[in-house]
Amino acid sequence: MTQDMGDLDGLVRKRIRALRVAQGWSLEELAGRANLSQSSLSRIENGRRRLALDQLVTLARALDTTLDQLVETATDDVVTSPTIDGPHGRMRWPVRADPGMSVIRQRVTEPPPDNPSRMRAHPGREWLVVLSGTAILMLGHQRFRLETNQAAEFPTMMPHAIGAEGGPCELLGIFDRDARRGHQRDGGDGSDGGDRDTPGVRE
């Protein structure tokens with residue numbers, strides 16, 4: 001067995017144990033769910049039994065994960081730097097696990113638009129948290145006030161816009177694939193100085 005394979009073998013065993021502990025299950029409980037004996041599972045976790053593919057598939061299912069995730073290895077490029085859009089006070093980080101997702105940090109200085117026609121609607125879902133200041137989220141006919149450390153999650157088919165109250169605020173938003181595409185199509189990058197939609201991205 002190569003060193004790399006040995007590292008993967010040890011990683012998988014640690015991952016099985018960590019997932020079991022995270023679920024609050026004893027060896028006996030997971031063994032029962034995976035149709036293994038408790039001693040067999042103990043030897044698998046402790047490295048005293050060879051890892052068999054059929055057992056890994058069964059254990060992955062019992063741990064509510066997939067075989068691919070169970071044997072996934074870490075990449076060397078764990079740390080990433082943002083793409084910075086200085087004129088719009090925005091940073092963007094792509095999410096490698098799903099190229100359709102992005103994380104956006106944005107500084108918002110203007111209040112939300114008074115005109116409902118300036119609100120956007122498109123497929124997808126967004127999640128955002130206020131890092132500093134106070135934000136106003138307009139969602140359909142409702143108005144939500146978000147203080148520092150408060151978060152909001154909503155489907156973007158609901159007409160929405162966001163702005164600041166009482167001074168600038170900083171937001172961190174996560175966009176799924178559809179929401180990200182929706183902002184790209186709408187050009188929702190705030191470049192016209194008027195639309196203060198939830199932080200968007202244009203590439």
# chains A, B, ... in the order shown; residues from 1 in each chain; ligands from 1
$ residues_around --residues "segment 54-70 of chain A" --least-positions-apart "5" --cutoff "9 Å" --atoms "only C-alpha atoms" --output "compact mmCIF listing (two decimals) with C-alpha atoms, in the first residue's frame"
# COMPACT_ATOMS: atom_id res chain seq x y z
CA VAL A 12 -11.67 7.04 6.17
CA ARG A 15 -14.19 9.87 9.38
CA ILE A 16 -16.37 6.85 10.18
CA LEU A 19 -19.55 10.73 11.90
CA ARG A 20 -20.73 8.11 14.38
CA GLN A 23 -24.71 11.34 15.51
CA LEU A 30 -23.99 2.01 14.22
CA ALA A 31 -23.11 -1.66 13.91
CA ARG A 33 -27.67 0.07 11.41
CA ALA A 34 -24.90 -1.24 9.13
CA ASN A 35 -25.62 -4.94 9.77
CA LEU A 36 -22.13 -5.45 11.21
$ closest_atom_pairs --of "segment 10-118 of chain A" --to "segment 150-160 of chain A" --cutoff "10 Å" --atoms "only C-alpha atoms" --output "Markdown table"
| residue | atom | partner | partner_atom | distance |
| --- | --- | --- | --- | --- |
| A:Pro112 | CA | A:His160 | CA | 9.6 |
| A:Pro116 | CA | A:Pro159 | CA | 8.4 |
| A:Ser117 | CA | A:Pro159 | CA | 9.1 |
| A:Arg118 | CA | A:His160 | CA | 8.7 |
$ write_last_selection --atoms "C-alpha atoms" --output "mmCIF file, in the first residue's frame"
data_model
loop_
_atom_site.group_PDB
_atom_site.id
_atom_site.type_symbol
_atom_site.label_atom_id
_atom_site.label_comp_id
_atom_site.auth_asym_id
_atom_site.auth_seq_id
_atom_site.Cartn_x
_atom_site.Cartn_y
_atom_site.Cartn_z
ATOM 1 C CA PRO A 112 -33.673 50.211 -0.019
ATOM 2 C CA PRO A 116 -41.485 48.395 -5.726
ATOM 3 C CA SER A 117 -40.558 48.173 -9.406
ATOM 4 C CA ARG A 118 -36.901 48.306 -8.369
#
$ select_by_dssp --residues "segment 5-84 of chain A" --states "alpha helix (DSSP H)" --output "MDAnalysis selection string"
chainID A and resid 5:23 27:33 38:46 53:62 67:70
$ closest_residue --among "A:Glu72, A:Arg105, A:Asn46, A:Gly24" --to "Gly86 of chain A" --atoms "only C-alpha atoms"
A:Arg105
$ closest_residue --among "A:Val71, A:Phe175, A:Ser40, A:Pro113" --to "Asp7 of chain A" --atoms "only C-alpha atoms"
A:Val71
$ closest_residue --among "A:Leu131, A:His141, A:Val103, A:Leu171" --to "Met119 of chain A" --atoms "only C-alpha atoms"
A:His141
$ closest_residue --among "A:Leu41, A:Ser132, A:Ala164, A:Asp114" --to "Ser26 of chain A" --atoms "only C-alpha atoms"
A:Leu41
$ residues_around --residues "Val130 of chain A" --least-positions-apart "2" --cutoff "12 Å" --atoms "only C-alpha atoms" --output "PyMOL selection string"
chain A and resi 104-108+127-128+132-137+145-153+162-165+168-173+198-199
$ write_last_selection --atoms "N, CA and C atoms" --output "tab-separated table (two decimals), in the first residue's frame"
chain	number	residue	atom	x	y	z
A	104	ILE	N	-20.71	36.18	-1.13
A	104	ILE	CA	-20.47	37.59	-1.43
A	104	ILE	C	-20.42	38.40	-0.14
A	105	ARG	N	-19.40	39.26	-0.03
A	105	ARG	CA	-19.38	40.25	1.05
A	105	ARG	C	-19.53	41.62	0.41
A	106	GLN	N	-20.48	42.40	0.93
A	106	GLN	CA	-20.79	43.68	0.29
A	106	GLN	C	-21.05	44.75	1.33
A	107	ARG	N	-20.59	45.95	1.02
A	107	ARG	CA	-20.87	47.13	1.84
A	107	ARG	C	-22.01	47.88	1.18
A	108	VAL	N	-23.07	48.11	1.94
A	108	VAL	CA	-24.26	48.80	1.42
A	108	VAL	C	-24.38	50.14	2.14
A	127	TRP	N	-29.17	33.40	1.26
A	127	TRP	CA	-28.99	33.49	2.71
A	127	TRP	C	-28.01	34.61	2.95
A	128	LEU	N	-28.30	35.47	3.92
A	128	LEU	CA	-27.38	36.56	4.21
A	128	LEU	C	-27.34	36.83	5.71
A	132	SER	N	-22.10	44.05	10.12
A	132	SER	CA	-22.05	45.29	10.90
A	132	SER	C	-23.14	46.23	10.41
A	133	GLY	N	-23.61	47.09	11.31
A	133	GLY	CA	-24.65	48.04	10.95
A	133	GLY	C	-26.03	47.42	10.98
A	134	THR	N	-26.97	48.12	10.34
A	134	THR	CA	-28.36	47.67	10.28
A	134	THR	C	-28.82	47.64	8.83
A	135	ALA	N	-29.42	46.54	8.42
A	135	ALA	CA	-29.90	46.39	7.05
A	135	ALA	C	-31.42	46.32	7.04
A	136	ILE	N	-32.02	46.76	5.95
A	136	ILE	CA	-33.46	46.64	5.73
A	136	ILE	C	-33.67	45.73	4.53
A	137	LEU	N	-34.39	44.64	4.77
A	137	LEU	CA	-34.71	43.70	3.71
A	137	LEU	C	-36.17	43.89	3.31
A	145	ARG	N	-36.15	44.38	9.48
A	145	ARG	CA	-34.98	45.10	9.98
A	145	ARG	C	-34.00	44.08	10.53
A	146	LEU	N	-32.78	44.05	10.01
A	146	LEU	CA	-31.78	43.08	10.41
A	146	LEU	C	-30.63	43.79	11.11
A	147	GLU	N	-30.42	43.45	12.36
A	147	GLU	CA	-29.31	44.02	13.12
A	147	GLU	C	-28.06	43.17	12.93
A	148	THR	N	-26.93	43.66	13.43
A	148	THR	CA	-25.67	42.93	13.33
A	148	THR	C	-25.83	41.52	13.89
A	149	ASN	N	-25.33	40.55	13.15
A	149	ASN	CA	-25.34	39.12	13.48
A	149	ASN	C	-26.68	38.44	13.24
A	150	GLN	N	-27.69	39.18	12.80
A	150	GLN	CA	-28.94	38.55	12.43
A	150	GLN	C	-28.86	38.12	10.96
A	151	ALA	N	-29.56	37.03	10.64
A	151	ALA	CA	-29.51	36.48	9.30
A	151	ALA	C	-30.90	36.36	8.71
A	152	ALA	N	-30.96	36.22	7.41
A	152	ALA	CA	-32.23	36.02	6.71
A	152	ALA	C	-32.01	35.02	5.59
A	153	GLU	N	-33.01	34.21	5.32
A	153	GLU	CA	-32.98	33.26	4.23
A	153	GLU	C	-34.32	33.30	3.53
A	162	ILE	N	-32.53	45.13	-0.75
A	162	ILE	CA	-31.94	45.36	0.56
A	162	ILE	C	-31.18	46.67	0.56
A	163	GLY	N	-31.19	47.33	1.70
A	163	GLY	CA	-30.47	48.59	1.84
A	163	GLY	C	-30.04	48.78	3.28
A	164	ALA	N	-29.39	49.90	3.52
A	164	ALA	CA	-28.86	50.20	4.86
A	164	ALA	C	-29.79	51.16	5.60
A	165	GLU	N	-29.72	51.13	6.92
A	165	GLU	CA	-30.47	52.07	7.75
A	165	GLU	C	-29.53	52.72	8.74
A	168	PRO	N	-23.82	53.00	6.80
A	168	PRO	CA	-23.42	51.82	6.02
A	168	PRO	C	-23.57	50.52	6.82
A	169	CYS	N	-23.79	49.43	6.10
A	169	CYS	CA	-23.80	48.11	6.72
A	169	CYS	C	-23.03	47.15	5.83
A	170	GLU	N	-22.51	46.11	6.43
A	170	GLU	CA	-21.79	45.08	5.69
A	170	GLU	C	-22.56	43.78	5.76
A	171	LEU	N	-22.68	43.11	4.61
A	171	LEU	CA	-23.44	41.88	4.51
A	171	LEU	C	-22.56	40.76	3.97
A	172	LEU	N	-22.86	39.55	4.39
A	172	LEU	CA	-22.26	38.36	3.81
A	172	LEU	C	-23.40	37.50	3.30
A	173	GLY	N	-23.42	37.21	2.00
A	173	GLY	CA	-24.52	36.48	1.41
A	173	GLY	C	-24.04	35.21	0.72
A	198	THR	N	-30.17	42.56	-3.10
A	198	THR	CA	-29.30	41.71	-2.34
A	198	THR	C	-28.02	41.51	-3.11
A	199	PRO	N	-26.84	41.47	-2.45
A	199	PRO	CA	-25.57	41.50	-3.15
A	199	PRO	C	-25.53	40.54	-4.33
$ select_by_dssp --residues "segment 75-171 of chain A" --states "strand (DSSP E or B)" --output "JSON, numbers by chain"
{"A": [83, 84, 85, 90, 91, 92, 93, 94, 102, 103, 104, 105, 106, 107, 108, 120, 125, 126, 127, 128, 129, 130, 131, 132, 135, 136, 137, 138, 139, 142, 143, 144, 145, 146, 151, 152, 153, 154, 155, 160, 161, 162, 163, 164, 169, 170, 171]}
$ atom_distance --atom1 "atom CA of Gly166 of chain A" --atom2 "atom CA of Asp85 of chain A"
23.9 Å
$ decode --residues "segment 50-86 of chain A" --atoms "N, CA and C atoms" --output "short mmCIF file (atom, residue, chain, number, x, y, z; two decimals), in the first residue's frame"
data_model
loop_
_atom_site.label_atom_id
_atom_site.label_comp_id
_atom_site.auth_asym_id
_atom_site.auth_seq_id
_atom_site.Cartn_x
_atom_site.Cartn_y
_atom_site.Cartn_z
N ARG A 50 -9.34 -4.93 7.50
CA ARG A 50 -9.26 -4.35 6.17
C ARG A 50 -10.58 -3.70 5.78
N LEU A 51 -10.48 -2.56 5.12
CA LEU A 51 -11.67 -1.88 4.64
C LEU A 51 -12.15 -2.53 3.35
N ALA A 52 -13.34 -3.09 3.38
CA ALA A 52 -13.93 -3.72 2.19
C ALA A 52 -14.94 -2.76 1.57
N LEU A 53 -14.99 -2.74 0.24
CA LEU A 53 -15.87 -1.81 -0.47
C LEU A 53 -17.32 -1.98 -0.08
N ASP A 54 -17.78 -3.23 0.03
CA ASP A 54 -19.20 -3.43 0.36
C ASP A 54 -19.52 -2.91 1.75
N GLN A 55 -18.57 -3.03 2.68
CA GLN A 55 -18.79 -2.52 4.03
C GLN A 55 -18.80 -0.99 4.04
N LEU A 56 -17.94 -0.38 3.22
CA LEU A 56 -17.91 1.08 3.15
C LEU A 56 -19.23 1.62 2.59
N VAL A 57 -19.76 0.96 1.58
CA VAL A 57 -21.05 1.38 1.01
C VAL A 57 -22.14 1.30 2.07
N THR A 58 -22.17 0.20 2.82
CA THR A 58 -23.17 0.01 3.86
C THR A 58 -23.00 1.03 4.98
N LEU A 59 -21.75 1.28 5.38
CA LEU A 59 -21.49 2.25 6.44
C LEU A 59 -21.86 3.67 5.99
N ALA A 60 -21.56 4.00 4.73
CA ALA A 60 -21.91 5.33 4.23
C ALA A 60 -23.41 5.54 4.29
N ARG A 61 -24.16 4.52 3.88
CA ARG A 61 -25.62 4.61 3.91
C ARG A 61 -26.12 4.75 5.35
N ALA A 62 -25.54 3.98 6.26
CA ALA A 62 -25.97 4.04 7.66
C ALA A 62 -25.64 5.38 8.29
N LEU A 63 -24.58 6.02 7.82
CA LEU A 63 -24.15 7.31 8.37
C LEU A 63 -24.78 8.49 7.61
N ASP A 64 -25.72 8.18 6.71
CA ASP A 64 -26.44 9.21 5.95
C ASP A 64 -25.49 10.06 5.12
N THR A 65 -24.54 9.38 4.46
CA THR A 65 -23.64 10.07 3.55
C THR A 65 -23.47 9.18 2.32
N THR A 66 -22.52 9.50 1.46
CA THR A 66 -22.27 8.71 0.26
C THR A 66 -20.86 8.14 0.32
N LEU A 67 -20.63 7.14 -0.51
CA LEU A 67 -19.29 6.55 -0.57
C LEU A 67 -18.27 7.60 -1.02
N ASP A 68 -18.65 8.42 -2.00
CA ASP A 68 -17.73 9.46 -2.48
C ASP A 68 -17.33 10.40 -1.36
N GLN A 69 -18.31 10.81 -0.54
CA GLN A 69 -17.99 11.71 0.56
C GLN A 69 -17.17 11.02 1.63
N LEU A 70 -17.41 9.74 1.81
CA LEU A 70 -16.68 9.01 2.84
C LEU A 70 -15.20 8.88 2.50
N VAL A 71 -14.88 8.75 1.21
CA VAL A 71 -13.49 8.57 0.81
C VAL A 71 -12.88 9.83 0.20
N GLU A 72 -13.60 10.94 0.28
CA GLU A 72 -13.11 12.19 -0.29
C GLU A 72 -11.83 12.63 0.40
N THR A 73 -10.87 13.11 -0.38
CA THR A 73 -9.61 13.59 0.17
C THR A 73 -9.57 15.11 0.07
N ALA A 74 -8.81 15.71 0.97
CA ALA A 74 -8.67 17.17 0.98
C ALA A 74 -7.72 17.59 -0.14
N THR A 75 -7.96 18.76 -0.70
CA THR A 75 -7.06 19.31 -1.71
C THR A 75 -6.05 20.22 -1.02
N ASP A 76 -4.99 20.54 -1.75
CA ASP A 76 -3.96 21.41 -1.17
C ASP A 76 -4.43 22.87 -1.11
N ASP A 77 -5.34 23.25 -2.03
CA ASP A 77 -5.77 24.65 -2.09
C ASP A 77 -6.99 24.86 -1.18
N VAL A 78 -6.77 24.72 0.10
CA VAL A 78 -7.86 24.88 1.08
C VAL A 78 -8.20 26.35 1.26
N VAL A 79 -7.18 27.20 1.29
CA VAL A 79 -7.39 28.63 1.53
C VAL A 79 -7.51 29.35 0.20
N THR A 80 -8.53 30.20 0.06
CA THR A 80 -8.72 30.97 -1.17
C THR A 80 -8.83 32.45 -0.85
N SER A 81 -8.48 33.27 -1.81
CA SER A 81 -8.61 34.72 -1.67
C SER A 81 -9.79 35.19 -2.50
N PRO A 82 -10.43 36.28 -2.06
CA PRO A 82 -11.61 36.75 -2.80
C PRO A 82 -11.25 37.53 -4.04
N THR A 83 -12.20 37.57 -4.96
CA THR A 83 -12.15 38.52 -6.07
C THR A 83 -12.74 39.82 -5.56
N ILE A 84 -12.01 40.92 -5.70
CA ILE A 84 -12.41 42.18 -5.09
C ILE A 84 -12.94 43.14 -6.16
N ASP A 85 -14.12 43.66 -5.91
CA ASP A 85 -14.74 44.66 -6.77
C ASP A 85 -14.78 45.95 -5.95
N GLY A 86 -13.69 46.73 -6.01
CA GLY A 86 -13.56 47.93 -5.20
C GLY A 86 -14.64 48.97 -5.41
#
